[in-house]
Structure formats: C-alpha cells, structure tokens
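This report concerns only the one structure given below.
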Amino acid sequence: MSLRRPPTATRVNHPAASTRVTACTHRPDVSCSACEAPYLDRTINNSDDLLASSVEQSLIRAIFPHAPSRREFLRRVGKGTAAALLASMLPLDALKSYAAEGAKPGSIEKPDLSIGFIPITCATPIIMSEPMGFYQKNGLNVKVRKAAGWAVIRDWAINGEVDAAHMLSPMPLAISLGVGSKPVPFLMPAIENINGQAITLHIKHKDKVKGPQDMKGFRFCVPFDYSMHNYLLRYYLAEGGLDPDKDVSIRVVPPPEMVANLKADNVDGYLAPDPFNQRAVYENAGYIFKLTKDIWPGHPCCAFAISEDFTKKYPNTFLALWRTIIEATYFSANPANRDDIAKAISPTNYLNQPEVVLKQVLTGRYATGLGDIANVPDRIDFDPMPWTAMAKWILSQMVRWKQLSPDTDFNAIAAKVYLEAGCADLIKDMGLTVKKEAPKKYSIMGKDFDPADPLGYAKSFAIPSA
C-alpha cells in the first residue's frame with residue numbers, strides 16, 4: 001500500500017507534495033504548482049532537486065506571468081521539453097548552481113551557530129537540516145543542541161547560550177510579553193509542523209474512556225505552560241464540561257520523561273508531542289486516545305524562533321537560517337521523504353528513538369495501542385507559514401486561562417512576533433508556493449474563531465467564566 005498522501009483538489013501545493021495531475025478547483029488565474037509541476041517531469045528526491053525545480057518554475061513564471069497561458073504552454077510542449085527550451089535560451093545550469101550556493105559564505109556574519117531543540121518529531125526541519133546538509137548548503141555550520149525541557153530552551157535562548165531555538169509556537173509570544181520570564185523581544189519567522197500531537201492515556205483506561213466526561217479526576221501532564229498542548233487539552237476538556245483547573249490536575253513534565261511517568265502510573269495521560277505518544281504504544285504503556293488534528297485540523301505546534309537582537313546584529317546569517325528552515329520544512333512536507341528523514345533523525349544525538357517508531361509518526365501508518373493499525377497521512381504535516389491568526393488564537397487562550405491581561409494589543413503583538421508577510425515573501429522569492437490563503441477563521445470543535453475579535457472569543461466560553 002502506498003503511504004503517499006493523495007493530492008486534494010483545493011490545496012495549491014509545491015510539486016514536492018504531489019507527483020500526480022489533479023483537477024484543481026481554484027480560479028483559473030491562480031498560480032498553482034500542482035497544475036504545472038507534472039509537466040516539468042522532475043522527481044523531488046532531495047533538497048538539490050527541490051531547488052532545481054524551484055529555479056525552473058520561477059523562470060517559467062517570469063516568462064509567462066499569466067497563469068492560464070503558462071499552463072497552456074506547459075501542456076502543449078509536454079514533459080521535459082519546457083526545461084530543455086529554457087536551457088537553450090538561458091544558462092539554466094549556471095542559474096541552478098548559483099541558487100544552490102545559497103548565501104555566499106563571505107556575506108554571512110556568523111557562520112558557526114548553535115540551535116537548541118527538544119527531541120521530538122515537531123523539530124524535524126531544524127534537526128534533519130544538520131545530518132542532511134541543508135545548513136551547509138546555505139553557508140552555515142550549525143550544531144543542534146539537545147535539551148530535555150522547554151524551560152531550558154527558553155533560558156538558553158534568552159541568555160544567548162544558543163543562537164536560535166526550536167520553540168513551541170506560544171513561547172515567542174510569551175517571552176516577548178514577559179509572561180513566565182523577563183520580557184525579551186523574540187520573533188517567530190516560521191512554523192515547523194502542524195498537527196503531530198495526541199492525547200495518550202494509560203493502558204488501564206482502555207475501553208473505559210469515551211470522552212472528557214469520563215476523565216474527571218484524571219492526572220494529566222503537558223510539556224509546558226505556554227504550549228499548544230496545554231491550550232488544546234484545556235479546550236478539549238472544557239468543551240466536554242470539565243474545568244481543567246478544578247476537575248483534573250495538569251502539571252508540566254518534559255516530553256522525554258512522559259512515558260516513564262505513564263508506566264509508573266504517576267499520570268493517567270498526557271497531551272504530548274510525538275514520538276512520545278507512539279513510544280507509549282511501543283512500550284505497551286498506553287494507547288492513542290485522540291489525535292490533536294481531530295480537535296483543530298491544521299493547528300500549529302512548534303516553530304523556529306530567534307531573538308530580535310540576533311536578526312539586527314547578523315541579518316545575512318538570519319536570512320540564511322530562515323531560508324534553510326523553509327526549504328527543510330517543504331522537504332519534510334513531501335511524504336516520499338519521510339522514511340529517509342526518520343533514519344536521519346533517529347540516532348542518539350538527535351531523537352534517540354527506534355526508527356520504526358518515527359516512521360509510524362511521520363508516515364501516519366501506526367499502531368494505536370488498541371489492537372489495530374490506523375492510516376492517517378496528515379497525522380503530522382509541515383508548513384512554515386506563521387499566520388498572525390494563529391498567534392491571535394493563542395493569545396486568546398492565554399487571556400482565557402488568565403496568563404495574560406485582556407488589555408493586550410492582540411494585533412500589534414501578533415504582527416510583531418509572527419513574521420507572516422516576510423515568510424510569504426521569502427517563500428515566493430525561493431520559487432515555492434504558499435500552500436494556502438491567509439485564514440479568515442478557524443473552526444475548533446465546532447466553534448468558530450474570528451481573528452478580528454480574539455478578545456470577544458476569549459470571553460465567550462462558559463469555562464472558565466469571564
């Protein structure tokens with residue numbers, strides 16, 4: 001059985017995400033890599049292929065800026081001919097070589113860097129870029145530095161012990177606002193992953209729990225107070241009628257310690273990043289109760305974060321890092337690359353996990369712990385766009401759970417920290433395609449979130465009362 005995710009009709013994806021022609025339903029004037037990619041006849045096997053494809057597509061878009069004319073040209077000339085015609089008119093190989101050089105080493109102010117990370121699959125783009133050569137190609141010598149918990153990552157980043165960090169998507173907001181730490185301006189140039197988390201319960205609860213109504217008195221853990229895990233768990237419980245601050249207990253446990261706590265019966269369950277949901281199944285300690293994509297499809301989780309001060313001191317280095325993370329995130333989004341990624345990030349110095357566990361997470365074909373095999377290709381996915389609408393939802397939950405004052409300027413802080421416009425521009429400059437339009441709303445367990453009114457949303461919930 002193929003593990004490739006079938007292309008959908010409404011998404012406008014980079015060609016790495018699909019190798020089949022699909023009947024797209026967008027407007028005819030929309031630029032769509034999914035429509036055009038099949039005629040370029042390029043298989044994306046690695047980052048070099050991704051870059052070469054991007055160069056070819058950028059040139060074709062420049063010559064035929066009108067989308068319908070461009071697609072008609074590609075349809076008529078057939079596979080392979082488009083690239084050959086370009087090569088006959090332009091020094092195509094030289095252009096690809098120039099693009100592949102990335103930033104010139106001489107222009108990078110600080111080529112030797114360290115990036116902090118937590119050993120979870122959410123950090124895939126940051127981690128895999130070391131063993132798979134993505135940093136090196138962009139003129140960077142990066143060493144990724146592993147930490148056990150998010151408080152350590154936060155402190156390393158604030159104190160300058162690492163140059164950049166893998167963070168939970170709420171963390172740059174919290175740090176910038178001085179929530180839980182001293183205030184330091186931080187930026188979030190790119191999301192790493194969407195989806196990719198789960199509620200895992202102790203095996204003793206198998207066949208006994210149907211929903212939140214059966215969880216009263218449970219002891220849960222999450223990886224950090226300022227995390228999507230905390231906010232999604234609270235959201236899920238509250239929608240089921242439980243007050244997370246009264247009817248259950250929620251404490252912070254570093255992800256690498258979660259399975260041990262489950263096995264020791266110190267907790268009834270957790271909402272956690274992978275691979276620790278799948279590892280609980282592997283250890284026969286727990287079962288996967290609910291994927292977070294079933295709470296909020298496409299929710300953000302982890303991100304590439306960096307201090308504003310670093311970006312001002314080393315702008316070229318920052319740009320090279322940003323390009324690398326975007327490139328690695330698009331590479332990770334291609335299901336065909338997931339097995340190779342699992343092999344690259346499984347060793348001790350990275351995730352220190354059995355390759356079979358990581359493959360189950362990354363491919364979406366996995367044992368649930370209930371005696372069956374699930375096939376959920378978008379269990380985890382990768383999309384770098386840091387939408388400010390995401391930031392506003394996070395801020396609304398920080399207000400809801402009294403971590404943040406309702407007087408916060410949602411629009412200002414979201415726009416300052418989440419670099420939505422810059423990321424979109426850089427994606428296009430790299431010859432890639434932004435995968436979706438800016439969200440006008442999110443629907444989470446049937447309740448709509450309007451980014452234009454995050455405070456009204458925060459005050460709309462019965463639990464806790466406004």
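So you can find residues: chains in the structure tokens are A, B, ... in the order shown, residues in each start at 1, and ligands are numbered from 1 in order.
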Task: Spatial neighbours of Cys122 (chain A), max dist 10 Å, only C-alpha atoms, sep filter under 2 positions, as JSON, numbers by chain - done: {"A": [117, 118, 119, 120, 124, 125, 126, 127, 166, 167, 168, 191, 192, 193, 194, 195, 196, 197, 273, 274, 275, 301, 302, 303, 362, 380, 381, 382]}
TODO: Do a neighbour search on Leu455 (chain A) at 7 Å with only C-alpha atoms, toss out local chain neighbours closer than 2 positions, and write the hits as a list in words.
DONE: Ser396, Pro406, Asp453, Tyr457, Ala458 and Lys459 of chain A
Task: Every residue of region 295-348 of chain A that DSSP places in strand (DSSP E), as JSON, numbers by chain - done: {"A": [302, 303, 304, 305, 306, 307]}
- [ ] Give the answer as one residue: which of A:Met228, A:Met215, A:Ala328, A:Ala264 has the shortest atom-to-atom distance to Gly133 (chain A), using only C-alpha atoms?
- [x] A:Ala328
Open item on the list: My list of candidates is A:Asn337, A:Ser405, A:Ser443, A:Ser460. Which is closest to Leu177 (chain A) when distances are computed with only C-alpha atoms?
Closed with: A:Ser405
Open item on the list: Env of Pro297 (chain A): 10 Å cut, atoms = only C-alpha atoms, seq-sep filter 2 positions within chain, self excluded. Answer as number ranges by chain.
Closed with: A: 194-195, 291-295, 299-300, 378-379, 442-445
Create the file for the chosen residues now, containing N, CA and C atoms and written as a PDB file, in the first residue's frame.
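Generated file (selection-v4.pdb):
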ATOM      1  N   ILE A 194       2.596  21.316  11.640  1.00  0.00           N
ATOM      2  CA  ILE A 194       1.190  21.422  12.011  1.00  0.00           C
ATOM      3  C   ILE A 194       0.699  20.016  12.362  1.00  0.00           C
ATOM      4  N   ASN A 195      -0.332  19.951  13.207  1.00  0.00           N
ATOM      5  CA  ASN A 195      -0.802  18.662  13.754  1.00  0.00           C
ATOM      6  C   ASN A 195       0.352  18.007  14.518  1.00  0.00           C
ATOM      7  N   LEU A 291      -5.997  12.084  18.288  1.00  0.00           N
ATOM      8  CA  LEU A 291      -5.027  12.959  17.639  1.00  0.00           C
ATOM      9  C   LEU A 291      -5.518  14.402  17.747  1.00  0.00           C
ATOM     10  N   THR A 292      -4.587  15.338  17.935  1.00  0.00           N
ATOM     11  CA  THR A 292      -4.999  16.739  18.067  1.00  0.00           C
ATOM     12  C   THR A 292      -5.544  17.306  16.765  1.00  0.00           C
ATOM     13  N   LYS A 293      -5.220  16.696  15.636  1.00  0.00           N
ATOM     14  CA  LYS A 293      -5.806  17.142  14.370  1.00  0.00           C
ATOM     15  C   LYS A 293      -7.317  16.968  14.372  1.00  0.00           C
ATOM     16  N   ASP A 294      -7.829  16.102  15.259  1.00  0.00           N
ATOM     17  CA  ASP A 294      -9.272  15.912  15.373  1.00  0.00           C
ATOM     18  C   ASP A 294      -9.911  16.923  16.322  1.00  0.00           C
ATOM     19  N   ILE A 295      -9.074  17.701  16.993  1.00  0.00           N
ATOM     20  CA  ILE A 295      -9.566  18.826  17.794  1.00  0.00           C
ATOM     21  C   ILE A 295      -9.524  20.099  16.950  1.00  0.00           C
ATOM     22  N   HIS A 299      -3.670  22.671  13.140  1.00  0.00           N
ATOM     23  CA  HIS A 299      -3.202  23.595  14.179  1.00  0.00           C
ATOM     24  C   HIS A 299      -1.675  23.693  14.179  1.00  0.00           C
ATOM     25  N   PRO A 300      -1.141  24.857  14.564  1.00  0.00           N
ATOM     26  CA  PRO A 300       0.315  24.989  14.658  1.00  0.00           C
ATOM     27  C   PRO A 300       0.826  24.276  15.900  1.00  0.00           C
ATOM     28  N   ASP A 378      -1.999  12.699   7.393  1.00  0.00           N
ATOM     29  CA  ASP A 378      -1.723  14.029   7.932  1.00  0.00           C
ATOM     30  C   ASP A 378      -1.700  14.035   9.457  1.00  0.00           C
ATOM     31  N   ARG A 379      -1.358  12.897  10.041  1.00  0.00           N
ATOM     32  CA  ARG A 379      -1.139  12.869  11.493  1.00  0.00           C
ATOM     33  C   ARG A 379      -0.170  13.980  11.881  1.00  0.00           C
ATOM     34  N   TYR A 442     -10.961  30.056  12.044  1.00  0.00           N
ATOM     35  CA  TYR A 442     -10.657  28.667  12.369  1.00  0.00           C
ATOM     36  C   TYR A 442     -11.889  28.067  13.038  1.00  0.00           C
ATOM     37  N   SER A 443     -12.117  26.791  12.803  1.00  0.00           N
ATOM     38  CA  SER A 443     -13.199  26.085  13.475  1.00  0.00           C
ATOM     39  C   SER A 443     -12.583  25.007  14.357  1.00  0.00           C
ATOM     40  N   ILE A 444     -12.807  25.121  15.659  1.00  0.00           N
ATOM     41  CA  ILE A 444     -12.203  24.215  16.628  1.00  0.00           C
ATOM     42  C   ILE A 444     -13.325  23.564  17.435  1.00  0.00           C
ATOM     43  N   MET A 445     -13.507  22.286  17.220  1.00  0.00           N
ATOM     44  CA  MET A 445     -14.579  21.520  17.853  1.00  0.00           C
ATOM     45  C   MET A 445     -15.938  22.195  17.630  1.00  0.00           C
TER      46      MET A 445
END
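Among A:Asp429, A:Asp112, A:Asp268, A:Glu257, the residue with the shortest atom-to-atom distance to Ile203 (chain A), counting only C-alpha atoms, is A:Asp268.
By chain and then residue number, the residues within 12 Å of Tyr350 (chain A) are A:Gly116, A:Phe117, A:Ile118, A:Pro119, A:Ile120, A:Thr121, A:Ala123, A:Thr124, A:Ile126, A:Ile127, A:Met128, A:Ser129, A:Glu130, A:Pro131, A:Lys143, A:Val144, A:Arg145, A:Lys146, A:Ala147, A:Ala148, A:Ile341, A:Ala342, A:Lys343, A:Ala344, A:Ile345, A:Ser346, A:Pro354, A:Glu355, A:Leu358, counting only C-alpha atoms and disregarding those fewer than 4 positions away in sequence.
Residues in contact with Asp243 (chain A) at up to 12 Å, not including ones fewer than 2 positions away on its chain and judged by only C-alpha atoms, are A:Pro212, A:Gln213, A:Met215, A:Lys216, A:Gly217, A:Phe218, A:Leu233, A:Arg234, A:Tyr235, A:Tyr236, A:Leu237, A:Ala238, A:Glu239, A:Gly240, A:Gly241, A:Asp245, A:Lys246, A:Asp247, A:Val248, A:Ser249, A:Ile250, A:Trp401, A:Phe461, A:Ala462, A:Ile463, A:Pro464, A:Ser465.
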Residues as selected, N, CA and C atoms, written as a PDB file, in the first residue's frame, can you do that?
ATOM      1  N   PRO A 212     -14.361  13.455  27.448  1.00  0.00           N
ATOM      2  CA  PRO A 212     -13.988  14.217  28.650  1.00  0.00           C
ATOM      3  C   PRO A 212     -14.837  13.868  29.870  1.00  0.00           C
ATOM      4  N   GLN A 213     -16.091  13.514  29.647  1.00  0.00           N
ATOM      5  CA  GLN A 213     -16.983  13.197  30.762  1.00  0.00           C
ATOM      6  C   GLN A 213     -16.466  12.034  31.595  1.00  0.00           C
ATOM      7  N   MET A 215     -13.221  11.617  32.273  1.00  0.00           N
ATOM      8  CA  MET A 215     -11.858  11.966  32.689  1.00  0.00           C
ATOM      9  C   MET A 215     -11.798  12.763  33.994  1.00  0.00           C
ATOM     10  N   LYS A 216     -12.910  12.943  34.645  1.00  0.00           N
ATOM     11  CA  LYS A 216     -12.900  13.708  35.886  1.00  0.00           C
ATOM     12  C   LYS A 216     -11.972  13.038  36.905  1.00  0.00           C
ATOM     13  N   GLY A 217     -11.116  13.848  37.509  1.00  0.00           N
ATOM     14  CA  GLY A 217     -10.150  13.332  38.472  1.00  0.00           C
ATOM     15  C   GLY A 217      -8.850  12.840  37.864  1.00  0.00           C
ATOM     16  N   PHE A 218      -8.733  12.877  36.543  1.00  0.00           N
ATOM     17  CA  PHE A 218      -7.513  12.400  35.875  1.00  0.00           C
ATOM     18  C   PHE A 218      -6.326  13.320  36.186  1.00  0.00           C
ATOM     19  N   LEU A 233      -5.503  20.786  25.313  1.00  0.00           N
ATOM     20  CA  LEU A 233      -6.053  19.887  26.339  1.00  0.00           C
ATOM     21  C   LEU A 233      -7.134  20.605  27.141  1.00  0.00           C
ATOM     22  N   ARG A 234      -6.852  21.826  27.551  1.00  0.00           N
ATOM     23  CA  ARG A 234      -7.834  22.599  28.304  1.00  0.00           C
ATOM     24  C   ARG A 234      -9.097  22.836  27.465  1.00  0.00           C
ATOM     25  N   TYR A 235      -8.898  23.174  26.211  1.00  0.00           N
ATOM     26  CA  TYR A 235     -10.031  23.421  25.312  1.00  0.00           C
ATOM     27  C   TYR A 235     -10.900  22.167  25.219  1.00  0.00           C
ATOM     28  N   TYR A 236     -10.266  21.025  24.992  1.00  0.00           N
ATOM     29  CA  TYR A 236     -10.988  19.767  24.816  1.00  0.00           C
ATOM     30  C   TYR A 236     -11.769  19.402  26.086  1.00  0.00           C
ATOM     31  N   LEU A 237     -11.130  19.522  27.227  1.00  0.00           N
ATOM     32  CA  LEU A 237     -11.796  19.177  28.485  1.00  0.00           C
ATOM     33  C   LEU A 237     -12.956  20.126  28.764  1.00  0.00           C
ATOM     34  N   ALA A 238     -12.723  21.429  28.553  1.00  0.00           N
ATOM     35  CA  ALA A 238     -13.765  22.410  28.850  1.00  0.00           C
ATOM     36  C   ALA A 238     -14.972  22.249  27.930  1.00  0.00           C
ATOM     37  N   GLU A 239     -14.737  21.923  26.651  1.00  0.00           N
ATOM     38  CA  GLU A 239     -15.859  21.687  25.741  1.00  0.00           C
ATOM     39  C   GLU A 239     -16.672  20.477  26.171  1.00  0.00           C
ATOM     40  N   GLY A 240     -16.043  19.572  26.933  1.00  0.00           N
ATOM     41  CA  GLY A 240     -16.756  18.411  27.458  1.00  0.00           C
ATOM     42  C   GLY A 240     -17.348  18.637  28.831  1.00  0.00           C
ATOM     43  N   GLY A 241     -17.249  19.889  29.331  1.00  0.00           N
ATOM     44  CA  GLY A 241     -17.895  20.221  30.599  1.00  0.00           C
ATOM     45  C   GLY A 241     -17.009  20.167  31.822  1.00  0.00           C
ATOM     46  N   ASP A 245      -8.986  23.455  35.747  1.00  0.00           N
ATOM     47  CA  ASP A 245      -8.333  23.886  36.984  1.00  0.00           C
ATOM     48  C   ASP A 245      -8.991  23.324  38.233  1.00  0.00           C
ATOM     49  N   LYS A 246     -10.133  22.649  38.066  1.00  0.00           N
ATOM     50  CA  LYS A 246     -10.845  22.118  39.232  1.00  0.00           C
ATOM     51  C   LYS A 246     -11.114  20.626  39.141  1.00  0.00           C
ATOM     52  N   ASP A 247     -11.421  20.140  37.941  1.00  0.00           N
ATOM     53  CA  ASP A 247     -11.898  18.761  37.802  1.00  0.00           C
ATOM     54  C   ASP A 247     -10.800  17.758  37.451  1.00  0.00           C
ATOM     55  N   VAL A 248      -9.645  18.250  37.017  1.00  0.00           N
ATOM     56  CA  VAL A 248      -8.484  17.392  36.733  1.00  0.00           C
ATOM     57  C   VAL A 248      -7.247  18.122  37.247  1.00  0.00           C
ATOM     58  N   SER A 249      -6.123  17.447  37.240  1.00  0.00           N
ATOM     59  CA  SER A 249      -4.847  18.119  37.522  1.00  0.00           C
ATOM     60  C   SER A 249      -3.991  18.079  36.262  1.00  0.00           C
ATOM     61  N   ILE A 250      -3.323  19.193  35.991  1.00  0.00           N
ATOM     62  CA  ILE A 250      -2.433  19.288  34.828  1.00  0.00           C
ATOM     63  C   ILE A 250      -1.091  19.816  35.325  1.00  0.00           C
ATOM     64  N   TRP A 401      -7.230  31.707  30.081  1.00  0.00           N
ATOM     65  CA  TRP A 401      -6.746  30.960  31.246  1.00  0.00           C
ATOM     66  C   TRP A 401      -5.923  31.833  32.192  1.00  0.00           C
ATOM     67  N   PHE A 461     -16.528  31.835  26.434  1.00  0.00           N
ATOM     68  CA  PHE A 461     -16.590  30.472  26.951  1.00  0.00           C
ATOM     69  C   PHE A 461     -17.222  30.426  28.329  1.00  0.00           C
ATOM     70  N   ALA A 462     -17.982  29.369  28.583  1.00  0.00           N
ATOM     71  CA  ALA A 462     -18.597  29.182  29.878  1.00  0.00           C
ATOM     72  C   ALA A 462     -17.567  28.748  30.923  1.00  0.00           C
ATOM     73  N   ILE A 463     -16.508  28.045  30.474  1.00  0.00           N
ATOM     74  CA  ILE A 463     -15.448  27.576  31.375  1.00  0.00           C
ATOM     75  C   ILE A 463     -14.108  28.119  30.858  1.00  0.00           C
ATOM     76  N   PRO A 464     -13.387  28.869  31.704  1.00  0.00           N
ATOM     77  CA  PRO A 464     -13.888  29.461  32.940  1.00  0.00           C
ATOM     78  C   PRO A 464     -14.778  30.640  32.621  1.00  0.00           C
ATOM     79  N   SER A 465     -15.585  31.043  33.560  1.00  0.00           N
ATOM     80  CA  SER A 465     -16.495  32.170  33.315  1.00  0.00           C
ATOM     81  C   SER A 465     -15.690  33.451  33.183  1.00  0.00           C
TER      82      SER A 465
END
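Relative to CA of Phe276 (chain A), CA of Thr368 (chain A) is found at 12.6 Å.
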